[in-house]
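Trainee: Pasting in a structure now, in structure tokens, and then I'll have a few things to ask.
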Amino acid sequence: MSEIEKKTAELLKKNEKQIHELWKTLLIAKAKNLVEMIGLDRMKENTLEVLGQFSALLSSGTDIQMDDYRQMRKILGDLSKDLTLKNMSPSETATFIFSLKDAIVPVFQKEHKDDRLLMDYILVINRVIDQLGLYTFEVYLESRESLIREQQQAFMEVSVPVVKIWDRILMIPLVGMLDSTRTQLMMETMLTSLEDNQANVAILDISGIPVVDTLVARHLVTAASAAKLMGAECIITGIRAKISQTLVQLGVDLSGFSTCSTLADGLRMALASTEQRIG
Amino acid sequence: MKKVSDSLKINVEVMDQEDVIVVRQEIRQLMRGLGFSLMDQTRVVTAVSELARNIIVHAGQGRVEAYQVIDQHRIGISCIFTDEGPGIHDVQKALEPGFSTANSMGIGLGGAKNLCNEFDIESALGKGTKVTITEWLK
Amino acid sequence: MNNVTILKIGETIIVPIQIDLHDAAAKSLQEDILKRIEKYGSKGLIIDVSAVEIIDSFLGRVLVETSKMAKLMGADTVIAGMRKEVVLTLLHLGLAMGDLKTALNIEEGLVLLSRQQGRNNEKSIR
């Protein structure tokens with residue numbers, strides 16, 4: 001434990017009240033959005049807490065990865081997570097802790113302008129606050145990523161609707177990119193519905209798939225084979241001119257399945273093969 | 001690094017086809033207990049069936065062990081298939097899709113590999129083969 | 001010997017597999033089925049696999065083979081009631097199931113067979 005850090009902690013402790021007031025004022029003046037998002041009361045509480053922790057922790061070290069800083073990291077981490085979810089930018093989020101510098105420096109300067117060690121104190125403060133700022137940024141990224149993951153998951157789940165379009169006939173509209181994860185999910189959903197509804201026909205409508213390449217075609221064949229193995233007929237509809245050209249050029253063999261260009265034709269086929277009529 | 005849990009363990013000597021059925025049932029039981037979905041159980045037990053059959057066909061007899069594994073943030077199951085048979089001449093080739101030695105009727109190791117999260121094989125000519133598969137709980 | 005019941009209803013044979021079959025049992029079931037087709041001159045075969053929890057490459061291949069063999073003897077085969085987990089596993093396994101005819105359940109299988117036989121009769125009349 002160096003002498004400078006101890007001294008800095010003492011100075012901080014001594015001027016805590018004054019620094020706290022200045023910090024709050026600065027936040028309200030410079031980061032209005034931020035304060036609005038956090039709420040005035042929580043802002044007051046958090047600033048006080050952080051400042052208290054800060055002066056207490058400095059004497060035990062300046063590496064914020066230490067165990068002593070756990071509570072400090074938690075306060076800032078929670079704050080950062082909240083702000084991320086409220087769509088605040090990372091720099092706005094980091095402003096919270098960075099503005100503490102602006103509150104400390106003038107107070108130190110005023111009170112201790114004769115102290116030849118002033119520069120050293122400020123460096124200590126900087127070292128810690130910079131780390132804390134980076135930490136809020138990391139938390140921001142992490143919560144952002146987990147948000148994206150959740151959204152992807154949610155998107156996956158809604159992206160495979162299975163519609164019971166007629167008695168014993170299911171329709172699965174495929175929209176967007178058909179990758180292997182989605183194919184797997186789609187097949188499971190489709191097979192479960194086939195089983196539950198004891199449906200005889202599954203119509204896979206690919207009108208909503210922008211590009212068909214070898215991989216997508218292979219997924220399609222797999223899905224159609226799955227329906228077939230369960231004992232259902234699989235009709236692939238929505239094969240536009242462009243797609244039929246691509247399929248033939250790629251050498252994809254769909255001859256084992258019924259195919260047609262419009263969903264209406266597909267439904268007609270399905271009705272015929274289940275010996276049903278409309279009306 | 002994977003940690004092995006001693007609490008749940010299967011250790012079966014495989015000498016004939018009846019034993020393959022026993023192994024399948026016990027591993028399914030273990031997986032069900034760990035909370036694996038029916039889909040995962042079916043997929044992995046099918047791989048187990050293929051690999052246990054390989055022991056009978058190529059080495060005559062061997063051993064299947066299975067236990068729960070844990071790493072930092074997930075749990076799973078590992079199954080180990082060991083035999084002291086002739087070993088595999090070209091492991092890389094044996095893993096290629098469609099590769100199968102005459103009259104074994106299997107779809108080869110490649111098929112089994114496709115059925116599980118992790119697949120590891122060690123083989124020495126004249127000494128035997130050890131296959132380890134691992135499936136993680138999602 | 002194996003413990004799988006083989007039922008005969010008219011010109012159709014129905015085989016509900018209710019137990020875990022090991023390789024030899026699967027082979028001997030195949031033999032029993034073919035003998036039965038020969039004995040009754042059956043025109044259709046339904047193998048109900050709704051109680052089968054695992055179809056690995058061996059059993060899968062036995063099913064495909066049996067279907068081809070039955071066809072040579074003049075009987076059409078339908079595999080009925082394959083579970084969805086089994087279906088997805090077979091696809092993962094990459095086992096070619098060929099032109100195996102399938103149905104959701106035995107009842108649908110019978111419908112499929114009667115249609116197929118109607119078609120066959122038309123052919124023979126011509």
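Every chain in the structure tokens has a letter given in the order shown (A, B, ...), and although residue numbers restart at 1 in each chain, ligands are simply numbered from 1 in the order shown.
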Contacts from chain A to chain C, 10 Å maximum, only C-alpha atoms: show me the residue list as a PyMOL selection string.
Mentor: chain A and resi 184+187-192+194-195+198-200+222-223+225-233+256
Trainee: I need the chain B residues near chain C as JSON, numbers by chain; criterion: at most 7 Å, counting only C-alpha atoms.
Mentor: {"B": [17, 18, 21, 39, 42, 43, 46, 49, 50, 105, 106, 107, 111, 112, 114, 115]}
Trainee: So that I can check the surroundings of A:Phe257, please list as a list in words every protein, DNA and RNA residue that reaches within 8 Å of it, counting only C-alpha atoms and ignoring chain neighbours fewer than 3 positions away.
Mentor: Ala224, Glu233, Cys234, Ile235, Ile236 and Leu254 of chain A
Trainee: List as a PyMOL selection string the protein and nucleic acid residues near B:Ala52, meaning an atom at most 10 Å away when only C-alpha atoms are counted, but skip any in the same chain fewer than 4 places from it.
Mentor: chain B and resi 14-17+19-21+23-24+46-48+56-57+61-64+80-83
Trainee: Quick one: everything within 8 Å of stretch 113-120 of chain C, counting only C-alpha atoms, minus sequence neighbours fewer than 3 positions away in the same chain. Send it as a ChimeraX atom specification.
Mentor: /C:43-44,76,78,109-110,123-124
Trainee: From the DSSP assignment of the backbone, select every residue of stretch 1-125 of chain C that is helix (DSSP H, G or I), and format the answer as a short mmCIF file (atom, residue, chain, number, x, y, z; two decimals) with N, CA and C atoms, in the first residue's frame.
Mentor:
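states22.cif, written as the output of this step:
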data_model
loop_
_atom_site.label_atom_id
_atom_site.label_comp_id
_atom_site.auth_asym_id
_atom_site.auth_seq_id
_atom_site.Cartn_x
_atom_site.Cartn_y
_atom_site.Cartn_z
N ASP C 23 -30.04 -57.15 -33.03
CA ASP C 23 -29.82 -57.42 -34.45
C ASP C 23 -30.35 -58.78 -34.89
N ALA C 24 -30.02 -59.80 -34.10
CA ALA C 24 -30.44 -61.16 -34.50
C ALA C 24 -31.96 -61.27 -34.49
N ALA C 25 -32.58 -60.64 -33.50
CA ALA C 25 -34.04 -60.69 -33.41
C ALA C 25 -34.68 -59.99 -34.61
N ALA C 26 -34.07 -58.89 -35.03
CA ALA C 26 -34.60 -58.16 -36.19
C ALA C 26 -34.50 -59.03 -37.44
N LYS C 27 -33.36 -59.70 -37.58
CA LYS C 27 -33.15 -60.58 -38.72
C LYS C 27 -34.17 -61.73 -38.73
N SER C 28 -34.40 -62.30 -37.55
CA SER C 28 -35.30 -63.44 -37.51
C SER C 28 -36.75 -62.99 -37.71
N LEU C 29 -37.05 -61.76 -37.29
CA LEU C 29 -38.38 -61.23 -37.56
C LEU C 29 -38.58 -61.08 -39.07
N GLN C 30 -37.55 -60.59 -39.73
CA GLN C 30 -37.62 -60.44 -41.19
C GLN C 30 -37.95 -61.80 -41.84
N GLU C 31 -37.27 -62.81 -41.36
CA GLU C 31 -37.49 -64.14 -41.93
C GLU C 31 -38.92 -64.62 -41.68
N ASP C 32 -39.40 -64.42 -40.45
CA ASP C 32 -40.76 -64.82 -40.10
C ASP C 32 -41.79 -64.12 -40.98
N ILE C 33 -41.58 -62.82 -41.18
CA ILE C 33 -42.53 -62.04 -41.98
C ILE C 33 -42.59 -62.60 -43.41
N LEU C 34 -41.41 -62.82 -43.99
CA LEU C 34 -41.37 -63.28 -45.38
C LEU C 34 -42.00 -64.67 -45.52
N LYS C 35 -41.76 -65.52 -44.54
CA LYS C 35 -42.37 -66.85 -44.57
C LYS C 35 -43.88 -66.75 -44.53
N ARG C 36 -44.36 -65.82 -43.70
CA ARG C 36 -45.80 -65.63 -43.56
C ARG C 36 -46.40 -65.13 -44.87
N ILE C 37 -45.69 -64.21 -45.55
CA ILE C 37 -46.18 -63.70 -46.84
C ILE C 37 -46.28 -64.86 -47.84
N GLU C 38 -45.25 -65.68 -47.80
CA GLU C 38 -45.22 -66.82 -48.70
C GLU C 38 -46.41 -67.75 -48.42
N LYS C 39 -46.63 -68.01 -47.13
CA LYS C 39 -47.67 -68.95 -46.73
C LYS C 39 -49.06 -68.47 -47.14
N TYR C 40 -49.33 -67.16 -46.88
CA TYR C 40 -50.69 -66.65 -47.13
C TYR C 40 -50.85 -65.98 -48.48
N SER C 57 -28.97 -47.89 -37.48
CA SER C 57 -28.71 -48.20 -38.88
C SER C 57 -29.10 -49.65 -39.21
N PHE C 58 -28.88 -50.54 -38.25
CA PHE C 58 -29.17 -51.95 -38.54
C PHE C 58 -30.67 -52.18 -38.73
N LEU C 59 -31.44 -51.74 -37.74
CA LEU C 59 -32.88 -51.94 -37.83
C LEU C 59 -33.45 -51.18 -39.03
N GLY C 60 -32.92 -49.98 -39.27
CA GLY C 60 -33.37 -49.19 -40.41
C GLY C 60 -33.16 -49.96 -41.71
N ARG C 61 -31.97 -50.53 -41.82
CA ARG C 61 -31.66 -51.26 -43.04
C ARG C 61 -32.52 -52.53 -43.17
N VAL C 62 -32.76 -53.20 -42.04
CA VAL C 62 -33.61 -54.39 -42.08
C VAL C 62 -35.01 -54.01 -42.58
N LEU C 63 -35.51 -52.85 -42.12
CA LEU C 63 -36.84 -52.42 -42.57
C LEU C 63 -36.87 -52.17 -44.07
N VAL C 64 -35.84 -51.45 -44.56
CA VAL C 64 -35.78 -51.15 -45.99
C VAL C 64 -35.68 -52.45 -46.81
N GLU C 65 -34.81 -53.34 -46.34
CA GLU C 65 -34.62 -54.62 -47.03
C GLU C 65 -35.90 -55.44 -47.06
N THR C 66 -36.54 -55.52 -45.89
CA THR C 66 -37.76 -56.32 -45.79
C THR C 66 -38.79 -55.81 -46.79
N SER C 67 -38.87 -54.48 -46.89
CA SER C 67 -39.82 -53.89 -47.82
C SER C 67 -39.51 -54.29 -49.27
N LYS C 68 -38.22 -54.28 -49.60
CA LYS C 68 -37.83 -54.67 -50.96
C LYS C 68 -38.11 -56.15 -51.21
N MET C 69 -37.80 -56.97 -50.21
CA MET C 69 -38.01 -58.42 -50.36
C MET C 69 -39.49 -58.73 -50.50
N ALA C 70 -40.31 -58.06 -49.68
CA ALA C 70 -41.76 -58.29 -49.74
C ALA C 70 -42.28 -57.90 -51.12
N LYS C 71 -41.73 -56.78 -51.63
CA LYS C 71 -42.15 -56.30 -52.95
C LYS C 71 -41.89 -57.38 -54.02
N LEU C 72 -40.73 -58.02 -53.93
CA LEU C 72 -40.39 -59.07 -54.87
C LEU C 72 -41.38 -60.23 -54.80
N LYS C 84 -41.49 -39.09 -33.91
CA LYS C 84 -40.76 -37.95 -34.47
C LYS C 84 -39.30 -37.93 -34.05
N GLU C 85 -39.00 -38.39 -32.84
CA GLU C 85 -37.60 -38.42 -32.40
C GLU C 85 -36.80 -39.39 -33.28
N VAL C 86 -37.45 -40.50 -33.60
CA VAL C 86 -36.79 -41.51 -34.43
C VAL C 86 -36.56 -40.95 -35.84
N VAL C 87 -37.56 -40.26 -36.37
CA VAL C 87 -37.45 -39.66 -37.70
C VAL C 87 -36.25 -38.72 -37.77
N LEU C 88 -36.18 -37.79 -36.79
CA LEU C 88 -35.10 -36.81 -36.81
C LEU C 88 -33.73 -37.48 -36.64
N THR C 89 -33.70 -38.52 -35.81
CA THR C 89 -32.43 -39.23 -35.62
C THR C 89 -31.99 -39.92 -36.90
N LEU C 90 -32.92 -40.56 -37.58
CA LEU C 90 -32.58 -41.22 -38.84
C LEU C 90 -32.01 -40.23 -39.84
N LEU C 91 -32.57 -39.02 -39.87
CA LEU C 91 -32.07 -38.02 -40.81
C LEU C 91 -30.67 -37.56 -40.42
N HIS C 92 -30.45 -37.41 -39.09
CA HIS C 92 -29.11 -37.06 -38.59
C HIS C 92 -28.09 -38.12 -38.98
N LEU C 93 -28.52 -39.34 -38.83
CA LEU C 93 -27.67 -40.50 -39.08
C LEU C 93 -27.28 -40.56 -40.56
N ILE C 106 -51.51 -47.36 -38.22
CA ILE C 106 -51.92 -48.58 -38.93
C ILE C 106 -53.13 -48.31 -39.83
N GLU C 107 -54.08 -47.55 -39.30
CA GLU C 107 -55.30 -47.26 -40.05
C GLU C 107 -54.99 -46.58 -41.39
N GLU C 108 -54.15 -45.53 -41.32
CA GLU C 108 -53.76 -44.83 -42.53
C GLU C 108 -52.98 -45.78 -43.46
N GLY C 109 -52.23 -46.66 -42.84
CA GLY C 109 -51.48 -47.64 -43.61
C GLY C 109 -52.39 -48.53 -44.43
N LEU C 110 -53.48 -48.95 -43.80
CA LEU C 110 -54.46 -49.79 -44.51
C LEU C 110 -55.08 -49.04 -45.69
N VAL C 111 -55.39 -47.74 -45.45
CA VAL C 111 -55.95 -46.91 -46.53
C VAL C 111 -54.98 -46.85 -47.71
N LEU C 112 -53.71 -46.59 -47.36
CA LEU C 112 -52.67 -46.48 -48.38
C LEU C 112 -52.55 -47.78 -49.18
N LEU C 113 -52.56 -48.90 -48.46
CA LEU C 113 -52.43 -50.19 -49.13
C LEU C 113 -53.61 -50.47 -50.06
N SER C 114 -54.82 -50.14 -49.59
CA SER C 114 -55.98 -50.45 -50.43
C SER C 114 -55.95 -49.60 -51.70
N ARG C 115 -55.47 -48.36 -51.57
CA ARG C 115 -55.33 -47.52 -52.77
C ARG C 115 -54.30 -48.12 -53.72
N GLN C 116 -53.18 -48.51 -53.12
CA GLN C 116 -52.09 -49.08 -53.90
C GLN C 116 -52.57 -50.33 -54.64
N GLN C 117 -53.36 -51.16 -53.94
CA GLN C 117 -53.82 -52.40 -54.54
C GLN C 117 -54.83 -52.14 -55.66
N GLY C 118 -55.64 -51.09 -55.45
CA GLY C 118 -56.55 -50.67 -56.52
C GLY C 118 -55.78 -50.36 -57.79
N ARG C 119 -54.67 -49.62 -57.59
CA ARG C 119 -53.84 -49.24 -58.72
C ARG C 119 -53.22 -50.49 -59.37
N ASN C 120 -52.72 -51.39 -58.51
CA ASN C 120 -52.11 -52.61 -59.04
C ASN C 120 -53.11 -53.42 -59.87
N ASN C 121 -54.36 -53.50 -59.36
CA ASN C 121 -55.38 -54.25 -60.08
C ASN C 121 -55.66 -53.65 -61.45
N GLU C 122 -55.74 -52.29 -61.46
CA GLU C 122 -55.96 -51.60 -62.74
C GLU C 122 -54.90 -52.03 -63.75
N LYS C 123 -53.65 -52.04 -63.27
CA LYS C 123 -52.54 -52.40 -64.14
C LYS C 123 -52.73 -53.80 -64.70
N SER C 124 -53.10 -54.73 -63.82
CA SER C 124 -53.17 -56.12 -64.26
C SER C 124 -54.33 -56.34 -65.23
N ILE C 125 -55.41 -55.53 -65.06
CA ILE C 125 -56.53 -55.66 -65.99
C ILE C 125 -56.10 -55.22 -67.39
#
Trainee: A:Ala9: which residues within 9 Å, counting only C-alpha atoms, same-chain residues fewer than 3 positions away excluded, as a list in words?
Mentor: Ile4, Glu5, Lys6, Leu12, Lys13, Lys14, Phe54, Ser55, Ala56, Leu57, Leu58, Ser59 and Tyr121 of chain A
Trainee: Any idea what the distance is between atom CA of A:Gly176 and atom CA of A:Val211?
Mentor: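 According to the coordinates, atom CA of A:Gly176 and atom CA of A:Val211 are separated by 8.7 Å.
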Trainee: Write out as a list in words all residues of stretch 8-107 of chain C that DSSP puts in strand (DSSP E) for this structure's backbone.
Mentor: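 DSSP on the backbone gives strand (DSSP E) at Lys8, Ile9, Thr12, Ile13, Ile14, Val15, Pro16, Gly44, Leu45, Ile46, Ile47, Asp48, Asp76, Thr77, Val78, Ile79, Ala80, Thr102 and Ala103 of chain C.
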Trainee: Residues near A:Leu79, anyone? I mean within 9 Å using only C-alpha atoms, not counting same-chain ones fewer than 6 positions away, as a list in words.
Mentor: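 Here the qualifying residues turn out to be Ile38, Asn46, Thr93 and Thr136 of chain A.
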Trainee: Give me a file of those residues, with N, CA, C and O atoms, as a PDB file, in the first residue's frame.
Mentor:
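The resulting file, selection.pdb, is shown below:
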ATOM      1  N   ILE A  38     -32.108   7.339 -14.710  1.00  0.00           N
ATOM      2  CA  ILE A  38     -31.851   6.695 -13.424  1.00  0.00           C
ATOM      3  C   ILE A  38     -32.898   7.108 -12.392  1.00  0.00           C
ATOM      4  O   ILE A  38     -33.304   6.317 -11.545  1.00  0.00           O
ATOM      5  N   ASN A  46     -26.965   6.363  -5.429  1.00  0.00           N
ATOM      6  CA  ASN A  46     -25.821   5.698  -6.058  1.00  0.00           C
ATOM      7  C   ASN A  46     -24.542   6.524  -5.963  1.00  0.00           C
ATOM      8  O   ASN A  46     -23.473   5.974  -5.724  1.00  0.00           O
ATOM      9  N   THR A  93     -23.662   6.123 -20.630  1.00  0.00           N
ATOM     10  CA  THR A  93     -23.583   5.311 -19.423  1.00  0.00           C
ATOM     11  C   THR A  93     -22.294   5.585 -18.654  1.00  0.00           C
ATOM     12  O   THR A  93     -22.295   5.728 -17.429  1.00  0.00           O
ATOM     13  N   THR A 136     -17.842  -0.311 -16.813  1.00  0.00           N
ATOM     14  CA  THR A 136     -19.249  -0.091 -17.207  1.00  0.00           C
ATOM     15  C   THR A 136     -19.423  -0.369 -18.691  1.00  0.00           C
ATOM     16  O   THR A 136     -20.455  -0.855 -19.126  1.00  0.00           O
TER      17      THR A 136
END
Trainee: Can you tell me how far atom CA of B:Ile27 sits from atom CA of B:Ala124, in Å to one decimal?
Mentor: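 Result for atom CA of B:Ile27 versus atom CA of B:Ala124: 26.7 Å, one decimal.
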Trainee: Give me, please, the distance in Å between atom CA of A:Val201 and atom CA of A:Ile169, quoted to one decimal.
Mentor: 4.9 Å
